[in-house]
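Undergrad: There's a structure below that I have some questions on.
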Amino acid sequence: MKPEGKDNFTPKIVGYLCNWCTYAAADMAGSSKLEIAPELTVIKVMCSSRIDFNMVLTTFFNGADGILIGGCHPGDCHYDKGNYYTRRRFALFKDIMKILKLDPERLQLSWISASEGNRYAEVVNSFTEKIKKLGPNPLNGNPYF
Amino acid sequence: MKKSYTKGAKISNSKGSRKTILNFLKGLLKKGSLDAVLIPMRVPAGDSYAWVLIKDKKLLDDANPIAPIMPVQGANALSSCTKKGKGNLKIAALMRPCEIRAAIELSKLNQVNLESVTLISYDCPGALPMSDYLQDPGEGEKVFDSLLKKRDRDVESVKPVCGICDNFSILPASDLHFGLSADSRDNILLIPNSKKGTGLLNKMDIKPSEDISSWAKNIEELKKVQEKKRKERFEYVKDMVEGFDSLVKTFSACVGCHNCESVCPVCYCRQCYFESETAKPDIESILLKTKNRGSISLPADRIMFHVGRMVHMSLSCVSCGLCTDACPVSIPVAELFSYVGDRTQQTFEYRSGEEKGEPIPMKTYRKEETKGINELVKGAEG
Amino acid sequence: MDKVLKIDISAEKGVVELLKYLLQNDRVSGVFTLRKTGSDGSFDYALITEPGLLEDAIPLHPFMHVNAGKILSALPSMRKPVAAVIKPCELRSFVELVKRSQGALDDFLLISYTCGGSFPYKTTVKGQTDKLLPEFWKAVKSGLDSDSIRPTCRACEYFVPMNADITISLIGEKDLDSKCSIFLHSGKSESMVEGFKAEISKGELDLSRFDSLVKKRKEQKEKDFKELNIQDSGLDGMIDIFGKCIGCHGCSRICPICHCILCDFESCAYDYDTSMIENELLGRGGVRVPTDTILYQIGRLSHMSFSCTGCGLCTEVCPADIPVSTIFRKTGEKVAGLFDYVPGKDVDEEIPVTIFKEEELSELGND
Amino acid sequence: MESKKTSSKIGVYICECGPNIADNIDIDTIIARLPSLEEYQNKELVVKRYKLLCSNEGKEFLENEIRENEFTHLVVAACSPRDHDTTFINVCKKTQLNPYLYKMVNIREQCAWIIPDKEKATEKAIRYIRAATSRVLKQSELIEKQLDIDPGVLVIGGGISGIETALSLAGKERKVYLVEKSSELGGKMNMFKELLPRQNGNRDIIEKKIEEVKKNESITIFLETELESAVGFLGNFEISLKNIKNNQPGAEFTVGAIVAATGFRLTDTGKLAQYKYSKESEVYTSLEIENMIKRDGKIVLKSGKEPESVGLIHCVGREEKGYCSQICCNYMLKFISFLQQQSDSIKIKDFYRDMCLPHKEDQGFFEEVKNKGADFIRISDVKIKGTHVEYTPIGKDKKEVDVDMVILAPAMEPEKGTEELAELFNVPLSETNFFQEEHQQLNPVETSIEGIFIVGACHGPAGISESMLQAQAASGKISTRLIPGKKIVPEVKVSEIMEDFCMGCRTCMDICSYGAITFDGELSVCVVNEAICRGCGNCAGSCPSGAIRAKHFTSAQIYQEIIEAIR
Amino acid sequence: MSKEFMPKIISFLCKWCTYSGADLAGTNRMKYPPSILPLRVMCSSRVNPVFLIKSFLHGADGVLIGGCHPGDCHYQSGNYYTRRRFAILTTIFDSLGLESERLKLSWISAAEGTKFVRVSTEFNEKIKSMGENPAKKKIFL
Amino acid sequence: MNSKDKILVIGAGIAGMEASLLLANAGRSVLLVEKLSLTGGNTIKNEDSFPNLECSTCMIAPIQQDILQNPNIEVMTLSTVKKVEGEAGNFNVTIDKKARYVSLVDCIGCGMCYEPCPVTLKNEWEENLSEKKAIYVPCEGSLPNVPAIDPEHCLQLNGKKSCNACVEACMFGAIDLSEKDEEVQVDVGAVIVATGFDMFDAGKISNLGYGKFPGVYTSMEFERLFASNGPTSGELVLRGGGESPRSIAIIHCVGRKELGYCSGVCCMDSFKYSHFLKNKLPDAKVYNIYSDICLPNKTYQIFYNKIKGEGGGFIFQSSPEDIEIKESSGKLGVNLTDRNGAAESLDVDMVILACAIVPGKESENLAESLGIELDGKGFFLTRKEDVGTVETSKAGIFVVGCAEGPKDIQNSVIQAEAAVGKAILIGEINGK
C-alpha cells in the first residue's frame, strides 16, 4: 500500500447522471470536444431520484474520492418531481456527512440541463480540481469502512 | 393549528400514582369505553417487564403502568397489534412520551394504526438502564420508586438518554396525560389533549376544569434544565463521532449483532437494508477494498451500517435509548443517534413524533426548500 | 503421521511468522486473523494481504466477538486460499456452514489451536483484557482453566480443533513464551509451508494429556445444564427463562449457524392482524405483545440446535442476560445425539435434516 | 439475478469510430488488458475492434460475431447510447440476444473527445468497459410483454368537449360511453345563443353535433349518471357507474381510456365583497346574460325595458382565483356588440384591467366594437353598489358613474365535483384547482395517469374552439394508442417490490408521480402496477428496506458499476 | 367447570394416505372424536415443525400428523424427513420439559380407515387425560 | 405499405415532431419534411420555456432522437414542398430536396470537417450572433448531428475556387460535393402543415432603433444570447462590448399594432427574460414596458406574480410606437410617453424587443402549392364553416401550430394531436 501524496494523486470520481438532462449534457460536452477531467466515471441512471443513500455510501466507503450527482433542474424532471426528492435525500445525506465530519465536500449535487454542455464541463473540471485539492479519500487507508 | 388544552382534572393520589392510573383504566374497561389496555406488566420471574394487551380487567391488578425499565419500546408493541389495520378493539396505550412519539412516527409510516387507539402519557421520570436493573431487580424497583416520588429529575440512576431528555412530559400528540408532577404529591392532574382524551374523561364523568398552569410551569422549568444538560452532553458526544477516526474508535467494539436496529422502534423494516441481499458487501467490493488497503476489518461494513442507519432513521429518532440498552458491548448508540437526529431534524424543520399526520420529510418536498436544505445543496443551482 | 514444526519463538510470534511466510511467498492470497486496531487494546478480525500489516496480528488472542466461521462463509473465493487462524468452535461452525453450501473449505488454509477459551465481552468493555492476559496464559501453559474465560468455554469439551489443516499446540505447552509447535495435518498444509524455517519432525498431538481437562469441562457442562433446570418446570420454566427476552433476535444474528438472510420468525408469516390478537385475548384475557417470544426460541431450536457448536456468542450478545447458549447446547446435544451427530466434526457428514435412513426411529409413527 | 444461462460468454466490441476513438484511445491496449482481469477468469471474454460498428457492414459484422460465438452478453464500446443504443438493440434483437443483456459504453463523447492525453483516455476507457462488462453479467433478461386492450372510451361530461370527444372517437370498432350528470346533453352550450364571430357566430354547428351524438350507434349515453369507480390502466380500465337519481349502481364495463370533460362554473360573485349583488338588482353575470339572450333574444332590464347605459366589469374574481379566464374579454366584446346592435344610442362603459385577446382575430373584433363608440376604461380598481359603479382609472383619481345595468365577467372555476373526480382517478390538480396535465407542454391533454385525459374547461379556462381542439387532441392521442386489435407494450424497465421485504410503509406510493404503486391491504405490502410504471426508480431510491428492485437499474447492477469505476 | 373437556386437536393429514383414510372412515360411517380438526396437506413433509410449535403455544391441546407409511410416500421419501423432524422436535420438547405427548405422528394409509379411527380416538383419550393445554392460559408466551 | 397510409408532415418544429411521433408510434409511416438542416424548430432555440422554465433541450431532445431513430419516420431535411396534387387519401407530393452534401448515414458527427473549411459566414440560425463555416451545424447538439454545406458560399460549389478541404478532412467519406438537389415525388394520404412562424422585423419600427444601436436586441436574439449552447455559452455579454448589461428594458408588443393582433405569448416570454436576467445578473435593473398583459392559461398568472415578486419595474406604456430609443455615449435612452401625457426616460444598457409572431415567409407559396387559403394576416386558414378545427378548406390537409396563428407550445401540441386524430382516419375510413 503506497499512500498517494497530493501531488501524484489521480482521484477516482463517480458521476451519477440522470439519463435525460445531465447525461445529455455530458454528450454535448463531448461533441463540443470540451476538455474534461478524465477522473470522473459516469454511471447512468434513469432519474437522479434512483440514487439511494446506500449507493452513495457504498461508493464513498469503497474509496471513491468524490461523488457528483447530476440531475435535471428542479421543475424539469422527466418524471415530474423526482429531483425534488433527490434534493431532499441529498440534503439529508450531506447533513449527516457534515455532522459526522465525513468529508462532505466530496459529495456534490449539480443541476445540469441537456443544453448545458459547457456547464457540465465546468462542473466536472472544477469538482475534480476540488477533489485533487482535498487529496485522497482518507477512507482508502482505513480497514473499517 | 392544534387546539391547546389548558385545563385538567385533579384526582387524588392517595393510593399512589400507579394505583390511581390503574383504577382509571379499570373504570374505562368496566364502562366499556375501552376494550383493551396496552400496559407493561412484570414477568412471572420478576426480573423484567413485558408489554401486555389486557382485556380482562382483573389482570390489570398485576400491571405496572410506570415500569422502571423499558425492555421493549411501546411503539413496537403497539405496531405488532395494529400494523395490519385498526381492528375492532378500542385500545388505550399507556406509554412513556418517547414511546408515544415513536408510535406517532410509525403511524406516519403506516406501521401503527391509531384510529382506535388512545395514547396516554405521563410525566416520565426516565427509565433505569436494563443492565443495572438485571443485576438486581429488587434494588432496581426500590431505586425507581424513590425516583417516582421526586418532583425534580434525578439523572444519576436513569439511562444516559433519559438524563438528557427534554421531552419527558405532555406532547402535542398524546390524547390524555397524567401530570404526575402536580402541585403536591397528593394530586395527579389528568389532562385531556385531544377529542379522544376528552371523550374518555366524559365517559368517566371527570370534568377537566382545573387550571394546570402551575404544573405546566414546573415542567417548563425542568425542561429548561434538561435542555441545558442535553446541549452540554452533546458537546461531548460530538467528539465521539466527528471524523473518521472518532467514528472508528467509537464503533470499534461493535460486534455487528444489529440489536440496536432490531430494538429501535423507528427501524421498522422487516429486514434491515444493511442486512439485505441488496446491500450485502459483494465479493468484488471486499476484494477490491482489501487490495487497495492491504487489509480489511471484518465483518465488513459495520460503520456503513451505523452511518446508513443514521441516514435512514435519524429524522425519526425519538431518543428512547433502547439501542444502548440492547448493545452487548455498551456503545452509547442512543446518545450518538439522538445527537445526529436532533441536528438533522433541525435541518428539515421537523420534530419526530410531534404531530400526527405530518408527513415524514422523505415522503414530501417543497418546490422552494427550507433554508437548512438550501444551505446543504448550495452549488447545485446555476 | 503428522509433521511437526518447532520454532524457538513464542507461540503467537511463531504463528505470525508462519503467516508472514505464507503471504510473502504468495502461497496464500491473504491472511485472516485477529489483529490489534489501536493502542487502546481494541482489536478485530481482519483480512490482510499486505505482509507488513501482520505486525499487528494477534492470532491467539483469547477473544471472540464474532464467530469467524460466519465471516469466512461470507468471504469470496480468491485466487489462492486464505490462511485463517480461528478457534476450534469457529472452525466447527464453519464446517457446519460448508455443509449448508455457505462456504468452501478449499478456499482456506485453516489454522487452529488447542483453545484455552475466550474472555467475555465485558472484559473488553471494562478494559480489563491486558490485566487478565498473564493469568490466562499461565493457566493455558499448565493445562488448566483460567478464571477469566467465559462460562461457556469452561464447559466446552471440544477445545482441540477438528478439520484444521494446521494446529498450534497451546494447552499444556509450558514453553509457550519461547517455543511454538505447529502440527501439519494435511498434504495441503505441508506443501504450503514448504521452505519455512523450522525444526521439522514427525509426530502427533498427544490427546491423552487433555483427558483431565475434558473430564473437568464435561462435569462443568453437566452442572450448567442442571442449574438451568428447565426440564422440570416445563412451560413455566420456559416463561421464567425467556420472559425477559426483548425480542431483539440478536442471538440469531450473531449465531454462525443461523445463516438465513431473513429469519423465518421475522417474516410476514408472523405478523399478526388485529383480529388474531382479539382471538388470542378471548382465551387469555391478556396477551404479551409483540407475541411469539417463546415460539421464536423453540422454533430456532428446531431449526439449528443439532448444529449448535456451543460458541456461546448468543449468551454474550443477549441484552437480557438469558443463558441462551446453555439452553441450545443442552437441547442440541440431545437432538444431535439422536443421529450420533457431532456438529462440525466431519464435513462429509450431512446435517440430520437433509438425509434419512429407512431403518431408524422405528418407534415413531407406529402405534 | 444473473442470466439463466450458466456459462457466460461476453462479447466486447470496440468501435474505432474511424479515427475518432482509435486516434485518442489505444484500443490495442484495451484488448490486451481486458481479458486478463482476474474477475472474468471464469467467464469467457471475446474482445475485438472494428472500424465503424454503426455502419451497415459493422452491424452485419456484429450480428455474425454474436451468432458464431454464441454470446450470452454483449458490450459495445462506441459513441453515446443516445446516438446508437437503438442501433445495437436492433442488432441484438436480430440475433435473438435479449437486448437487456447488452450494454453500450460511451467511450467517444465521454473519453476520446474530452481527454487530450491518450494514456489517460485509454485508462478511463478501460475502467468504463470493465464496469460495463461486469455490470452486463448482472443484468437479467427482460421480456417485453404485450397487453390486450379495450379500444373503448369513457367520456365524462356531456358538454361540448365531451360531445366532440365522443364524436371524434366513436367508430365501428370503438365504443364510446358518454356519461352526463344532468338530464340533457349540451352542458353550458344550452345557455348560449350566439358564439363569437371567430367561432362563426351561430351555434348550429353545435346543435348538429348534439344530434349526431344521439344518432351515433357506437355511442352509449348515460344521463343523470356519474362515475362510481374506475380501476386499471391504459387499455384496461374497469368502470362502474352510478345512477344519481336513485343512487343505485349503474352499468359496469371496460374501456381503454377515460376522458374527463366536466367543464366549469362561474365563481360565486356573492363571495366577493366589491361585487356583492342581489338577484333583484340590475347586476348580471355573464351566463345570466347569455341565458337572457337565448330566452328573450335581447338584453333587457327586469322591467322589460332595454337598458340605455351598461357597465361591463371584467376580471371579476381574477385576483382571488389567481388566473385569467382567457375568454371573458372576448365575450364581453360580444355583449357590447350585441347591445350596440340592439340600440344605436346605447352608452357602454367597459371597465377592464388588461385586455386579453390571445387569438389572431380578437383584436380586429375589439377595434370594431371600440370604433362603434364603446368606452373602454382601463382601471386599477372597481366597486359597485347596485348599478352605481365606483372606479379608479389607471393613474388617475377615483370616479363614479350610474348605469342601468351592470354585467360582470366572473372567473371560471372547475365544476363542482372536480376535486372528488381527481381523487377517484388519483390524478393531481394544479395550483389553480383545475386538472393538471401530465406535462404542460408536451402532453397537455393527458394526466399523470396514462390513459386518463382532460379536455375543455376542466383542463383550464377555455372557450369553445379551445375545448373542441382539446377534445380532438385527446381523441388523437387515444386513437394512436388504442388501435382496435393491436396490443400495447408497456415499459419493461419497471420497478418491482419484493413482498417479503416490504413493510407497507407506503413511502414509495406517496412519492410516485404516476400512481403506479398501490397498497395490497390483504398482504400489507405495496405493489407496482407494471402497466403504469415508467421506470424512473424514485421508489427504489426511497425504500428504506431495499424491497424495491428497479429492473435494469438494480442496486446489484449499479454497485457493480461503482466498484469498477473506483477500482 | 362441570362441562366436559373437549380437546382441540389440530391434525395435519397427508392428502394421499391419511386424509383418504379419514375419508374412508367417514364413508364407512365409523365414528371418531369431533375434537380432531383435519387440515389437508399434500405431504406430511409439508408440516414445518414450527406449525406444531405454533399450534401448541397457541393452545392446541394436541397436534397429530398423519402420513403414509415409510416407503409409501407419494413423493418418494417425504415422510422419512417428517419422521426425522418429528423426532427432533419431540426431543426438543422433552429437553425443555414441554409435554411432547401432545404431539403425535402416525402412519395411516388410505386403506386404514379403522386405524385412523383408532389412532384418533386413542390420541383424543390421551389428551383428555392430560387435560387442557396449559399454554392456553399463559399470557407471557 | 399503401401510399395513402403515409402521412406528410411539413415542418419539424415541436408541433410537426409531436404529430410525426404519434403517428409513427401508431404504426403509420411518416415523411417529415424540414426546410432547415436540423429539427427542433423555434422551441429548440430557447434555453428554457415558460411557464415552468423547463429546459427546452431536455424537453425536446428526446423527441428529436426518437424522430430520427423511429423506423416509421423518414426525415427529409433541407427540403420544401413544391407541389401537391390529388385529394384526401391520395395526394401526390413533389418535394424540393436540397443537397446536404454530407451523408446522414455515413457521417458520425465528429466535426473534423469544420476546422479546415476556409469560408467563414454569419450564423443565421444563431441570429447572426456567431459565425460558422460553409460546412456547419447550426449549434452544438443539433439533431441530426450531421453538418450541411452552404452551396452559395462553399468555394468549390459556388465555383470560386477549387477546394476539397472538408472532403479530405472527413475520414468516413461522408462528404460528397457532387451531390445534386433533387425533386422527390411521393404519394401520401394526408398532409399536416406545421411550418411554424417567423418573427416580426423590428427594423420596421424605426424609433426603436433596432439595427442602429447594438444594444437593441430582438427577443430571438436574446434567446440565443442566453442559451447555454448559444454563441456565448449563455454568457450575457453585450454585442461587441463584452460587458454584461446593468440595466435592461424589455419592450412588449413590438409589431402588434402594425399587424393588428396580439401574439399571446410575448408577455410570457418577456417575463421569462426578466426572470433570466434577474437570476443571472441579480443587481441589474430590469424594466418591463407593456400595454396589455395577456396571460391566457391557468398557470400563467402564477408565473407573472412570481416575476413581479422578483423585483424589476413594470411600466405601462400604451404602445411601443410611442417609444423613442436613442443612444448617447454608449447608453441607450428609452423615452416613454404614457397615455396620460407624462413622459419618462430610462437609461439602459440593453433593450429587448418582444417581437410579434408573423407567418412564415414561405407560407404563401406553400398555401398555393397545397391549394389552401391563408387568412388576411398570412396565417393558414382553417375550415371556415367549423369551430375549433385543424382542418383546412381542402380535405386531408391539416394545419397546426403557429402556422395557423400565434400560440404557445401547449396549444401547438394540442393542435398537432388533434390533427393526428383526424389524419389517422384517412386511409382508415373503411374501419370507421
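By convention in this document, the chains of the C-alpha cells carry letters A, B, ... by their order, each chain's residues are numbered from 1, and ligands are numbered from 1 in the order they are shown.
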Which residues come within 12 Å of B:Lys367, counting only C-alpha atoms, excluding same-chain residues fewer than 4 positions away, as a PyMOL selection string?
TA: (chain A and resi 73-76+80-85+87-88) or (chain B and resi 373-374) or (chain F and resi 52)
Undergrad: Residues at most 12 Å from E:Met130, counting only C-alpha atoms, excluding those fewer than 5 positions away in the same chain, as a list in words?
TA: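 Residues near the query, excluding close chain neighbours: Phe5, Met6, Pro7, Asp61, Gly62, Glu99, Ser100, Glu101, Arg102, Phe123, Asn124 and Glu125 of chain E.
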Undergrad: Residues of chain A near chain D: apply a cut-off of 10 Å, count only C-alpha atoms, and supply the list as a JSON list (two decimals) with C-alpha atoms, in the first residue's frame.
TA:
[["chain", "number", "residue", "atom", "x", "y", "z"],
["A", 11, "PRO", "CA", -8.69, 10.89, -7.90],
["A", 12, "LYS", "CA", -11.46, 8.45, -8.58],
["A", 13, "ILE", "CA", -14.72, 10.24, -9.03],
["A", 14, "VAL", "CA", -18.07, 8.72, -9.72],
["A", 15, "GLY", "CA", -20.70, 10.72, -11.50],
["A", 16, "TYR", "CA", -24.30, 9.61, -11.24],
["A", 18, "CYS", "CA", -29.69, 11.34, -14.95],
["A", 19, "ASN", "CA", -30.45, 9.96, -18.38],
["A", 20, "TRP", "CA", -32.47, 12.91, -19.59],
["A", 23, "TYR", "CA", -26.13, 12.58, -19.37],
["A", 24, "ALA", "CA", -27.23, 14.52, -22.43],
["A", 26, "ALA", "CA", -22.18, 15.17, -20.95],
["A", 27, "ASP", "CA", -22.76, 14.09, -24.51],
["A", 28, "MET", "CA", -23.00, 17.63, -25.68],
["A", 29, "ALA", "CA", -19.79, 18.48, -23.89],
["A", 30, "GLY", "CA", -18.25, 15.51, -25.68],
["A", 31, "SER", "CA", -19.47, 16.55, -29.09],
["A", 32, "SER", "CA", -18.17, 20.03, -28.42],
["A", 33, "LYS", "CA", -14.81, 18.39, -27.66],
["A", 34, "LEU", "CA", -14.51, 20.28, -24.42],
["A", 35, "GLU", "CA", -11.64, 19.16, -22.31],
["A", 36, "ILE", "CA", -12.96, 17.31, -19.31],
["A", 37, "ALA", "CA", -11.08, 15.77, -16.44],
["A", 38, "PRO", "CA", -10.69, 12.03, -17.08],
["A", 39, "GLU", "CA", -11.03, 11.11, -13.43],
["A", 40, "LEU", "CA", -14.81, 11.04, -13.46],
["A", 41, "THR", "CA", -16.56, 7.84, -14.41],
["A", 42, "VAL", "CA", -20.16, 8.14, -15.38],
["A", 43, "ILE", "CA", -22.89, 5.87, -14.13],
["A", 44, "LYS", "CA", -26.15, 6.48, -15.86],
["A", 45, "VAL", "CA", -29.43, 6.30, -14.00],
["A", 46, "MET", "CA", -32.86, 7.00, -15.42],
["A", 47, "CYS", "CA", -33.58, 9.67, -12.84],
["A", 48, "SER", "CA", -31.43, 11.20, -10.14],
["A", 49, "SER", "CA", -34.06, 10.03, -7.67],
["A", 50, "ARG", "CA", -32.93, 6.46, -8.27],
["A", 51, "ILE", "CA", -29.85, 7.13, -6.22],
["A", 52, "ASP", "CA", -30.31, 5.86, -2.72],
["A", 53, "PHE", "CA", -28.26, 6.55, 0.35],
["A", 54, "ASN", "CA", -26.61, 3.23, 0.31],
["A", 55, "MET", "CA", -25.36, 3.75, -3.20],
["A", 56, "VAL", "CA", -23.62, 6.93, -2.18],
["A", 58, "THR", "CA", -21.02, 2.32, -0.86],
["A", 59, "THR", "CA", -19.30, 4.49, -3.41],
["A", 60, "PHE", "CA", -17.74, 6.62, -0.77],
["A", 62, "ASN", "CA", -15.30, 1.83, -1.23],
["A", 63, "GLY", "CA", -12.85, 4.59, -1.73],
["A", 64, "ALA", "CA", -14.23, 6.98, -4.32],
["A", 65, "ASP", "CA", -12.60, 10.34, -3.82],
["A", 66, "GLY", "CA", -15.59, 12.26, -5.00],
["A", 78, "HIS", "CA", -38.60, 13.98, -16.86],
["A", 79, "TYR", "CA", -40.60, 12.13, -14.24],
["A", 80, "ASP", "CA", -42.33, 15.22, -12.94],
["A", 81, "LYS", "CA", -40.85, 15.60, -9.49],
["A", 82, "GLY", "CA", -38.13, 13.04, -8.94],
["A", 83, "ASN", "CA", -35.38, 15.57, -8.45],
["A", 85, "TYR", "CA", -36.84, 14.12, -3.73],
["A", 86, "THR", "CA", -33.25, 13.81, -4.85],
["A", 89, "ARG", "CA", -32.28, 12.97, 0.13],
["A", 121, "ALA", "CA", -17.51, 20.55, -18.35]]
Undergrad: Among stretch 32-178 of chain B, which residues carry a DSSP assignment of alpha helix (DSSP H), reported as a VMD selection string?
TA: chain B and resid 74 to 82 97 to 108 130 to 135 137 to 149 160 to 163
Undergrad: Give me the residues near F:Glu344 as a list of chain:residue names, where near means some atom within 12 Å (using only C-alpha atoms) and where sequence neighbours in that chain fewer than 4 positions away do not count.
TA: F:Ile289, F:Ile315, F:Phe316, F:Gln317, F:Asp322, F:Ile323, F:Glu324, F:Ile325, F:Gly333, F:Val334, F:Asn335, F:Leu336, F:Thr337, F:Asp338, F:Arg339, F:Asn340
Undergrad: Would you save the residues from that selection as a compact mmCIF listing (two decimals), in the first residue's frame, using C-alpha atoms?
TA:
# COMPACT_ATOMS: atom_id res chain seq x y z
CA ILE F 289 -42.66 48.11 -20.68
CA ILE F 315 -44.12 50.29 -16.71
CA PHE F 316 -47.37 50.77 -18.51
CA GLN F 317 -46.99 52.21 -21.97
CA ASP F 322 -44.71 55.99 -28.73
CA ILE F 323 -41.32 54.91 -27.51
CA GLU F 324 -38.24 56.55 -28.81
CA ILE F 325 -34.90 54.90 -28.30
CA GLY F 333 -32.19 56.21 -23.65
CA VAL F 334 -35.72 54.87 -23.71
CA ASN F 335 -38.17 57.72 -23.86
CA LEU F 336 -41.63 56.74 -22.81
CA THR F 337 -44.79 58.68 -23.34
CA ASP F 338 -47.52 57.41 -21.16
CA ARG F 339 -51.03 57.79 -22.41
CA ASN F 340 -51.53 60.28 -19.66
Undergrad: Counting only C-alpha atoms, which residue out of B:Ser48, B:Ser12, B:Thr20, B:Thr347 sits closest to chain E?
TA: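 Among the listed residues, the smallest separation from chain E belongs to B:Ser48.
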Undergrad: Starting from chain C, keep only residues with some atom at most 8 Å from an atom of chain B, counting only C-alpha atoms, and report them as a ChimeraX atom specification.
TA: /C:42-50,53,65-66,71,75-76,121-122,125,239-241,243-244,246-251,253-254,261-262,266-268,271-275,277-278,281,285-291,316-321
Undergrad: Could you tell me how far atom CA of D:Ser281 lies from atom CA of D:Gly386, in Å and to one decimal?
TA: 6.0 Å
Undergrad: If we count only C-alpha atoms and set the cut-off at 12 Å, which residues sit around E:Arg84, ignoring sequence neighbours fewer than 4 positions away in its own chain? Please answer as a PyMOL selection string.
TA: (chain C and resi 302+306+335-336+338-339+351-365) or (chain E and resi 44-45+48-49+70+77-80+88-91+105)
Undergrad: Considering only C-alpha atoms, return as a list in words whatever protein or nucleic-acid residues lie within 9 Å of E:Cys43, sequence-local ones (same chain, fewer than 6 positions apart) excluded.
TA: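 Returned residues: Leu13, Cys14, Lys15, Trp16, Cys17, Gly67, Cys68, Cys73, His74, Tyr75, Gly78 and Asn79 of chain E.
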Undergrad: Hey, could you make a per-residue contact list for chain A against chain B with 6 Å as the cut-off, showing the nearest pair of atoms and its distance in Å to one decimal, counting only C-alpha atoms, sorted by chain and number, as CSV?
TA:
residue,atom,partner,partner_atom,distance
A:Ala91,CA,B:Leu376,CA,5.5
A:Leu100,CA,B:Glu242,CA,4.4
A:Lys101,CA,B:Gly243,CA,4.8
A:Leu102,CA,B:Gly243,CA,5.6
A:Leu109,CA,B:Ala380,CA,5.3
A:Ser110,CA,B:Ala380,CA,3.9
A:Trp111,CA,B:Ala380,CA,5.4
A:Gly141,CA,B:Arg293,CA,5.3
A:Pro143,CA,B:Ile296,CA,4.2
A:Tyr144,CA,B:Ser297,CA,5.3
A:Phe145,CA,B:Asp301,CA,5.9
Undergrad: Next, dump the selected residues to file, keeping only N, CA and C atoms, as a PDB file, in the first residue's frame.
TA:
ATOM      1  N   ALA A  91     -29.742  16.385   0.660  1.00  0.00           N
ATOM      2  CA  ALA A  91     -29.547  17.291   1.789  1.00  0.00           C
ATOM      3  C   ALA A  91     -29.371  16.491   3.071  1.00  0.00           C
ATOM      4  N   LEU A 100     -21.051  14.308  10.946  1.00  0.00           N
ATOM      5  CA  LEU A 100     -20.024  13.336  11.305  1.00  0.00           C
ATOM      6  C   LEU A 100     -18.639  13.768  10.825  1.00  0.00           C
ATOM      7  N   LYS A 101     -18.606  14.911  10.181  1.00  0.00           N
ATOM      8  CA  LYS A 101     -17.363  15.412   9.590  1.00  0.00           C
ATOM      9  C   LYS A 101     -16.729  14.372   8.669  1.00  0.00           C
ATOM     10  N   LEU A 102     -17.523  13.778   7.842  1.00  0.00           N
ATOM     11  CA  LEU A 102     -17.020  12.788   6.896  1.00  0.00           C
ATOM     12  C   LEU A 102     -16.851  13.431   5.526  1.00  0.00           C
ATOM     13  N   LEU A 109     -23.934  17.883  -5.574  1.00  0.00           N
ATOM     14  CA  LEU A 109     -25.125  17.746  -6.408  1.00  0.00           C
ATOM     15  C   LEU A 109     -25.134  18.922  -7.363  1.00  0.00           C
ATOM     16  N   SER A 110     -25.356  18.663  -8.627  1.00  0.00           N
ATOM     17  CA  SER A 110     -25.434  19.768  -9.583  1.00  0.00           C
ATOM     18  C   SER A 110     -26.605  19.556 -10.520  1.00  0.00           C
ATOM     19  N   TRP A 111     -27.314  20.604 -10.746  1.00  0.00           N
ATOM     20  CA  TRP A 111     -28.384  20.532 -11.750  1.00  0.00           C
ATOM     21  C   TRP A 111     -27.774  20.962 -13.080  1.00  0.00           C
ATOM     22  N   GLY A 141      -7.260   4.296   3.389  1.00  0.00           N
ATOM     23  CA  GLY A 141      -6.314   3.564   4.211  1.00  0.00           C
ATOM     24  C   GLY A 141      -6.994   2.909   5.394  1.00  0.00           C
ATOM     25  N   PRO A 143      -9.264   0.314   7.252  1.00  0.00           N
ATOM     26  CA  PRO A 143      -9.844  -1.014   7.027  1.00  0.00           C
ATOM     27  C   PRO A 143     -11.270  -1.140   7.540  1.00  0.00           C
ATOM     28  N   TYR A 144     -11.755  -0.105   8.222  1.00  0.00           N
ATOM     29  CA  TYR A 144     -13.081  -0.233   8.827  1.00  0.00           C
ATOM     30  C   TYR A 144     -14.224   0.100   7.895  1.00  0.00           C
ATOM     31  N   PHE A 145     -13.948   0.882   6.861  1.00  0.00           N
ATOM     32  CA  PHE A 145     -15.060   1.347   6.029  1.00  0.00           C
ATOM     33  C   PHE A 145     -15.259   0.468   4.810  1.00  0.00           C
TER      34      PHE A 145
END
Undergrad: What's around E:Asp94 at 9 Å? Count only C-alpha atoms, leave out sequence neighbours fewer than 6 positions away in its own chain, and write the answer as a ChimeraX atom specification.
TA: /C:231,234,331 /E:100
Undergrad: Using all heavy atoms, can you write the selected residues to a file as a JSON list (two decimals), in the first residue's frame?
TA:
[["chain", "number", "residue", "atom", "x", "y", "z"],
["C", 231, "GLN", "N", -36.13, -28.41, 32.46],
["C", 231, "GLN", "CA", -36.84, -29.64, 32.18],
["C", 231, "GLN", "C", -37.95, -29.89, 33.19],
["C", 231, "GLN", "O", -39.00, -30.39, 32.85],
["C", 231, "GLN", "CB", -35.86, -30.80, 32.21],
["C", 231, "GLN", "CG", -36.29, -31.91, 31.30],
["C", 231, "GLN", "CD", -35.15, -32.88, 31.08],
["C", 231, "GLN", "OE1", -34.00, -32.60, 31.41],
["C", 231, "GLN", "NE2", -35.48, -34.01, 30.53],
["C", 234, "GLY", "N", -41.08, -27.13, 32.88],
["C", 234, "GLY", "CA", -41.85, -27.09, 31.65],
["C", 234, "GLY", "C", -42.15, -25.69, 31.16],
["C", 234, "GLY", "O", -41.28, -24.81, 31.16],
["C", 331, "THR", "N", -30.10, -28.71, 24.60],
["C", 331, "THR", "CA", -31.06, -29.28, 23.68],
["C", 331, "THR", "C", -30.36, -29.87, 22.46],
["C", 331, "THR", "O", -30.68, -30.98, 22.02],
["C", 331, "THR", "CB", -32.05, -28.20, 23.22],
["C", 331, "THR", "OG1", -32.48, -27.48, 24.36],
["C", 331, "THR", "CG2", -33.23, -28.78, 22.50],
["E", 100, "SER", "N", -44.29, -33.30, 25.25],
["E", 100, "SER", "CA", -44.20, -33.80, 23.87],
["E", 100, "SER", "C", -45.30, -34.82, 23.59],
["E", 100, "SER", "O", -45.58, -35.15, 22.44],
["E", 100, "SER", "CB", -42.83, -34.42, 23.62],
["E", 100, "SER", "OG", -42.65, -35.53, 24.47]]
Undergrad: Please compute the atom CA of D:Asn291-atom CA of D:Lys276 distance, one decimal, in Å.
TA: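 Atom-to-atom, atom CA of D:Asn291 and atom CA of D:Lys276 are spaced 20.7 Å apart.
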Undergrad: Restricting the calculation to only C-alpha atoms, which member of D:Val300, D:Leu223, D:Cys356, D:Val136 is positioned closest to F:Ser291?
TA: D:Cys356
